[in-house]
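Asker: Could you have a look at this structure, given as structure tokens, before my questions?
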Amino acid sequence: MLKVGIIGCGRIGAVHGHSIKTLSNARTVAVSDPFVESAGKLAASLGAEVRESEAIISASDVDAVIIATPTTTHYDLIHFAAQAGKAIFCEKPIDMSADRIRDCMKVVEENNVAFMTGFNRRFDANFANIQARIAAGEIGDVELLTILSRDPSPPPIEYVKTSGGIFRDMMIHDFDMARFLLGEEPVSIYATGSALVDPAIGEAGDVDTAAVTLKTASGKICQISNSRRATYGYDQRLEVHGSKGMLRAENQLENTVEVALESGFARAPAQHFFLERYRGAYIAEFKHFADCLETSRKPTPTAEDGLRAQLLADAARESMNSGAVIQL
């Protein structure tokens, strides 16, 4: 039984806690958060204790820690946890700085602890199915990958100011998905963006509408588009075109009922946000982590996957600012 401590009891920490609750080989023993009310509420729902983060990391009854705190705290927590010999599950991004991510990778390696980066979309049943079928050669050689990610509404402007920008905060998931499905590392990137949804986002130095083109050494192309606004729900689609055919994953709708009337056909809207859309992926993600620790396997995505996605996000920002194609 994997004994877990959760550091950070906000929305994503609660998601992980309730995912663990569904598993037979893991349980949450302690949680920590500066907001005592949030920690107490989550602890009560999981049958866990509330402790200070330092106490969780040093505790003999904790095997692994989930780091679900703001990104600015990840660096120190990763170092403390690695030096304490704890397995680490860290939400993306590992850090806003690629050099600091490399420092984290070094301390993880030096202390020989397991580390997993929280790119949950790899564990979505549909996306994982597509990756497996690509690997099996069903559509031949991948030629063109299209990823669309659009949030139903923008986050609060105070969040935007500290998020690192749309490429590091939102599109970083799509960069990881591109690497997951292309099977090759991109060698060039071109990005463009605008503030079309909320002028305050532009005033904060960010964009809310962005498009990126990636290209690999063999010529595979990936197109990614992001928007902070989708009036019809949480838009999460992708399409992979290959030499023998095409694979496509559509949105998850609130239900599968379709009505046909004189006015035409109508279906339910897309599920509203990531909590609904990726509920199953979060469970599968942590099950993979727990199973890997149980069988002494290396969990994925790794810290290097986190670093590579961050480097793509950094290059996208550079491309958008300069208007140039960036060679990677």
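To be explicit about the labels: the chains of the structure tokens are called A, B, and onward in the order shown, and within each one the residues are counted from 1, while ligands get numbers from 1 in the order they are shown.
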Could you go through region 143-322 of chain A and tell me which residues DSSP, when run on the backbone, assigns to strand (DSSP E), listing them as number ranges by chain?

Answerer: A: 143-150, 186-194, 209-216, 221-227, 235-242, 246-249, 258-261, 264-267

Asker: Go ahead and dump the residues you just picked, C-alpha atoms, as a CSV table (one decimal), in the first residue's frame.

Answerer:
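In the end it all went to part05.csv:
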chain,number,residue,atom,x,y,z
A,143,GLU,CA,2.4,13.4,-41.3
A,144,LEU,CA,0.2,16.0,-39.7
A,145,LEU,CA,-1.0,16.4,-36.1
A,146,THR,CA,-3.7,19.0,-35.2
A,147,ILE,CA,-4.4,19.8,-31.5
A,148,LEU,CA,-7.2,22.1,-30.4
A,149,SER,CA,-7.5,23.3,-26.8
A,150,ARG,CA,-9.9,26.0,-25.8
A,186,PRO,CA,10.4,19.0,-32.8
A,187,VAL,CA,13.3,20.9,-34.3
A,188,SER,CA,11.6,24.2,-35.1
A,189,ILE,CA,8.7,26.2,-33.8
A,190,TYR,CA,6.7,29.2,-34.9
A,191,ALA,CA,4.2,30.9,-32.7
A,192,THR,CA,1.7,33.8,-32.9
A,193,GLY,CA,-0.8,35.2,-30.5
A,194,SER,CA,-3.3,38.0,-29.7
A,209,THR,CA,-5.5,33.3,-28.4
A,210,ALA,CA,-2.5,31.5,-29.8
A,211,ALA,CA,-1.3,29.2,-32.6
A,212,VAL,CA,1.9,27.3,-33.0
A,213,THR,CA,3.5,25.2,-35.7
A,214,LEU,CA,6.0,22.6,-34.8
A,215,LYS,CA,8.2,20.6,-37.3
A,216,THR,CA,10.3,17.5,-36.7
A,221,ILE,CA,4.1,18.9,-38.7
A,222,CYS,CA,2.0,19.7,-35.7
A,223,GLN,CA,-0.4,22.6,-35.5
A,224,ILE,CA,-1.7,23.7,-32.0
A,225,SER,CA,-4.3,26.3,-31.4
A,226,ASN,CA,-5.4,27.6,-28.0
A,227,SER,CA,-8.1,30.0,-26.9
A,235,ASP,CA,-13.0,22.1,-26.3
A,236,GLN,CA,-10.4,19.3,-26.4
A,237,ARG,CA,-9.9,17.7,-29.8
A,238,LEU,CA,-7.1,16.3,-31.9
A,239,GLU,CA,-6.5,14.7,-35.3
A,240,VAL,CA,-3.6,12.7,-36.6
A,241,HIS,CA,-3.2,12.3,-40.3
A,242,GLY,CA,-0.9,9.6,-41.6
A,246,MET,CA,-6.4,9.3,-40.0
A,247,LEU,CA,-7.3,9.0,-36.3
A,248,ARG,CA,-9.4,11.6,-34.5
A,249,ALA,CA,-10.6,12.2,-31.0
A,258,GLU,CA,-29.0,13.6,-30.2
A,259,VAL,CA,-32.4,15.1,-31.0
A,260,ALA,CA,-33.7,15.5,-34.6
A,261,LEU,CA,-36.4,18.1,-35.1
A,264,GLY,CA,-32.3,20.2,-37.6
A,265,PHE,CA,-30.1,17.9,-35.5
A,266,ALA,CA,-28.8,18.9,-32.0
A,267,ARG,CA,-26.5,17.4,-29.5

Asker: Can you pull out the residues contacting region 101-105 of chain A? Cut-off 12 Å, using only C-alpha atoms, and skip same-chain residues under 6 positions away; I want them as an MDAnalysis selection string.

Answerer: chainID A and resid 71:72 74:83 88 90 92:95 111:117 302:311

Asker: What lies within 6 Å of region 48-56 of chain A using only C-alpha atoms, ignoring chain neighbours under 4 positions off, as a list of chain:residue names?

Answerer: A:Val29, A:Ala30, A:Val31, A:Ser32, A:Ala43

Asker: Please save C-alpha atoms of the selected residues as an mmCIF file, in the first residue's frame.

Answerer:
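Output file out-v7.cif follows:
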data_model
loop_
_atom_site.group_PDB
_atom_site.id
_atom_site.type_symbol
_atom_site.label_atom_id
_atom_site.label_comp_id
_atom_site.auth_asym_id
_atom_site.auth_seq_id
_atom_site.Cartn_x
_atom_site.Cartn_y
_atom_site.Cartn_z
ATOM 1 C CA VAL A 29 -2.237 9.668 5.042
ATOM 2 C CA ALA A 30 -1.636 13.417 5.366
ATOM 3 C CA VAL A 31 -2.309 16.729 3.623
ATOM 4 C CA SER A 32 -0.882 20.224 3.974
ATOM 5 C CA ALA A 43 -8.325 15.674 5.068
#

Asker: Considering only C-alpha atoms, return as a short mmCIF file (atom, residue, chain, number, x, y, z; two decimals) with C-alpha atoms, in the first residue's frame whatever protein or nucleic-acid residues lie within 7 Å of region 163-168 of chain A, sequence-local ones (same chain, fewer than 5 positions apart) excluded.

Answerer:
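out_21.cif, written as the output of this step:
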data_model
loop_
_atom_site.label_atom_id
_atom_site.label_comp_id
_atom_site.auth_asym_id
_atom_site.auth_seq_id
_atom_site.Cartn_x
_atom_site.Cartn_y
_atom_site.Cartn_z
CA MET A 96 9.23 28.38 -14.86
CA ASP A 206 0.05 37.80 -22.16
CA VAL A 207 -2.20 36.61 -24.99
CA ASP A 208 -5.43 34.64 -24.81
CA GLN A 310 8.96 23.82 -20.85
CA ALA A 313 6.91 26.84 -24.21
CA ALA A 316 7.07 29.62 -28.42
CA ARG A 317 7.18 32.81 -26.37
#

Asker: Using only C-alpha atoms, find the one residue out of A:Ala135, A:Ile6, A:Leu253, A:Met171 that sits nearest to Glu276 (chain A).

Answerer: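 The closest residue to Glu276 (chain A) is A:Leu253.
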
Asker: Assign secondary structure with DSSP using the backbone only, and return the residues of region 189-295 of chain A in helix (DSSP H, G or I) as a list in words.

Answerer: Pro199, Ala200, Ile201, Gly202, Glu203, Phe274, Leu275, Glu276, Arg277, Arg279, Gly280, Ala281, Tyr282, Ile283, Ala284, Glu285, Phe286, Lys287, His288, Phe289, Ala290, Asp291, Cys292, Leu293 and Glu294 of chain A

Asker: Please write the residues from the selection above to a file, keeping N, CA and C atoms, as a JSON list (two decimals), in the first residue's frame.

Answerer:
[["chain", "number", "residue", "atom", "x", "y", "z"],
["A", 199, "PRO", "N", -9.01, 42.31, -22.90],
["A", 199, "PRO", "CA", -7.92, 43.28, -23.03],
["A", 199, "PRO", "C", -6.99, 43.29, -21.83],
["A", 200, "ALA", "N", -7.51, 42.96, -20.65],
["A", 200, "ALA", "CA", -6.68, 42.96, -19.44],
["A", 200, "ALA", "C", -5.56, 41.93, -19.53],
["A", 201, "ILE", "N", -5.81, 40.84, -20.27],
["A", 201, "ILE", "CA", -4.78, 39.82, -20.45],
["A", 201, "ILE", "C", -3.63, 40.40, -21.26],
["A", 202, "GLY", "N", -3.95, 41.15, -22.31],
["A", 202, "GLY", "CA", -2.92, 41.82, -23.08],
["A", 202, "GLY", "C", -2.16, 42.84, -22.26],
["A", 203, "GLU", "N", -2.88, 43.58, -21.42],
["A", 203, "GLU", "CA", -2.25, 44.58, -20.56],
["A", 203, "GLU", "C", -1.30, 43.93, -19.55],
["A", 274, "PHE", "N", -12.06, 21.00, -17.22],
["A", 274, "PHE", "CA", -11.13, 19.88, -17.14],
["A", 274, "PHE", "C", -11.48, 18.90, -16.02],
["A", 275, "LEU", "N", -12.12, 19.37, -14.95],
["A", 275, "LEU", "CA", -12.46, 18.47, -13.85],
["A", 275, "LEU", "C", -13.38, 17.36, -14.31],
["A", 276, "GLU", "N", -14.33, 17.69, -15.19],
["A", 276, "GLU", "CA", -15.22, 16.67, -15.73],
["A", 276, "GLU", "C", -14.54, 15.90, -16.87],
["A", 277, "ARG", "N", -13.93, 16.65, -17.78],
["A", 277, "ARG", "CA", -13.39, 16.05, -19.00],
["A", 277, "ARG", "C", -12.29, 15.05, -18.70],
["A", 279, "ARG", "N", -11.54, 13.55, -15.61],
["A", 279, "ARG", "CA", -11.66, 12.84, -14.33],
["A", 279, "ARG", "C", -11.02, 11.45, -14.42],
["A", 280, "GLY", "N", -11.37, 10.70, -15.47],
["A", 280, "GLY", "CA", -10.81, 9.35, -15.64],
["A", 280, "GLY", "C", -9.32, 9.38, -15.86],
["A", 281, "ALA", "N", -8.82, 10.40, -16.56],
["A", 281, "ALA", "CA", -7.38, 10.50, -16.83],
["A", 281, "ALA", "C", -6.60, 10.72, -15.54],
["A", 282, "TYR", "N", -7.15, 11.53, -14.63],
["A", 282, "TYR", "CA", -6.46, 11.76, -13.35],
["A", 282, "TYR", "C", -6.35, 10.47, -12.54],
["A", 283, "ILE", "N", -7.40, 9.68, -12.55],
["A", 283, "ILE", "CA", -7.35, 8.40, -11.83],
["A", 283, "ILE", "C", -6.32, 7.47, -12.47],
["A", 284, "ALA", "N", -6.36, 7.35, -13.80],
["A", 284, "ALA", "CA", -5.41, 6.48, -14.50],
["A", 284, "ALA", "C", -3.98, 6.95, -14.32],
["A", 285, "GLU", "N", -3.79, 8.26, -14.26],
["A", 285, "GLU", "CA", -2.47, 8.85, -14.08],
["A", 285, "GLU", "C", -1.87, 8.41, -12.75],
["A", 286, "PHE", "N", -2.63, 8.57, -11.67],
["A", 286, "PHE", "CA", -2.05, 8.22, -10.37],
["A", 286, "PHE", "C", -1.97, 6.71, -10.18],
["A", 287, "LYS", "N", -2.85, 5.96, -10.81],
["A", 287, "LYS", "CA", -2.75, 4.50, -10.77],
["A", 287, "LYS", "C", -1.43, 4.05, -11.40],
["A", 288, "HIS", "N", -1.07, 4.70, -12.51],
["A", 288, "HIS", "CA", 0.22, 4.40, -13.14],
["A", 288, "HIS", "C", 1.37, 4.68, -12.18],
["A", 289, "PHE", "N", 1.32, 5.82, -11.50],
["A", 289, "PHE", "CA", 2.38, 6.18, -10.55],
["A", 289, "PHE", "C", 2.48, 5.15, -9.44],
["A", 290, "ALA", "N", 1.35, 4.80, -8.84],
["A", 290, "ALA", "CA", 1.34, 3.83, -7.74],
["A", 290, "ALA", "C", 1.79, 2.45, -8.22],
["A", 291, "ASP", "N", 1.32, 2.03, -9.38],
["A", 291, "ASP", "CA", 1.71, 0.71, -9.91],
["A", 291, "ASP", "C", 3.20, 0.65, -10.20],
["A", 292, "CYS", "N", 3.76, 1.74, -10.73],
["A", 292, "CYS", "CA", 5.19, 1.78, -11.03],
["A", 292, "CYS", "C", 6.01, 1.67, -9.75],
["A", 293, "LEU", "N", 5.60, 2.38, -8.70],
["A", 293, "LEU", "CA", 6.34, 2.29, -7.44],
["A", 293, "LEU", "C", 6.22, 0.89, -6.84],
["A", 294, "GLU", "N", 5.07, 0.29, -7.00],
["A", 294, "GLU", "CA", 4.84, -1.05, -6.46],
["A", 294, "GLU", "C", 5.70, -2.10, -7.15]]

Asker: Which is closest to Glu138 (chain A) among A:Lys86, A:Ser296, A:Leu46, A:Gly245, if we use only C-alpha atoms?

Answerer: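 Of all the options, A:Gly245 lies closest to Glu138 (chain A).
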
Asker: Write out as number ranges by chain the residues lying within 8 Å of Lys3 (chain A), counting only C-alpha atoms and excluding same-chain residues fewer than 4 positions away.

Answerer: A: 26-29, 61-64

Asker: Got a sec: who's within 9 Å of Ala84 (chain A), counting only C-alpha atoms, leaving out chain neighbours fewer than 6 positions off, as a PDB file with N, CA and C atoms, in the first residue's frame?

Answerer:
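Contents of selection_15.pdb, freshly written:
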ATOM      1  N   ILE A  57       6.978  15.617   4.508  1.00  0.00           N
ATOM      2  CA  ILE A  57       8.162  15.195   3.759  1.00  0.00           C
ATOM      3  C   ILE A  57       9.102  14.357   4.623  1.00  0.00           C
ATOM      4  N   SER A  58       9.198  14.660   5.892  1.00  0.00           N
ATOM      5  CA  SER A  58      10.120  13.921   6.771  1.00  0.00           C
ATOM      6  C   SER A  58       9.474  12.717   7.445  1.00  0.00           C
ATOM      7  N   ALA A  59       8.179  12.517   7.262  1.00  0.00           N
ATOM      8  CA  ALA A  59       7.459  11.470   7.990  1.00  0.00           C
ATOM      9  C   ALA A  59       7.845  10.061   7.524  1.00  0.00           C
ATOM     10  N   ASN A 111      19.581  11.378  -5.584  1.00  0.00           N
ATOM     11  CA  ASN A 111      18.964  10.668  -4.462  1.00  0.00           C
ATOM     12  C   ASN A 111      18.176   9.434  -4.902  1.00  0.00           C
TER      13      ASN A 111
END

Asker: For Leu42 (chain A), work out the shell of residues within 8 Å, counting only C-alpha atoms and skipping chain neighbours fewer than 5 positions away, then give it as a PyMOL selection string.

Answerer: chain A and resi 9+14+17+31
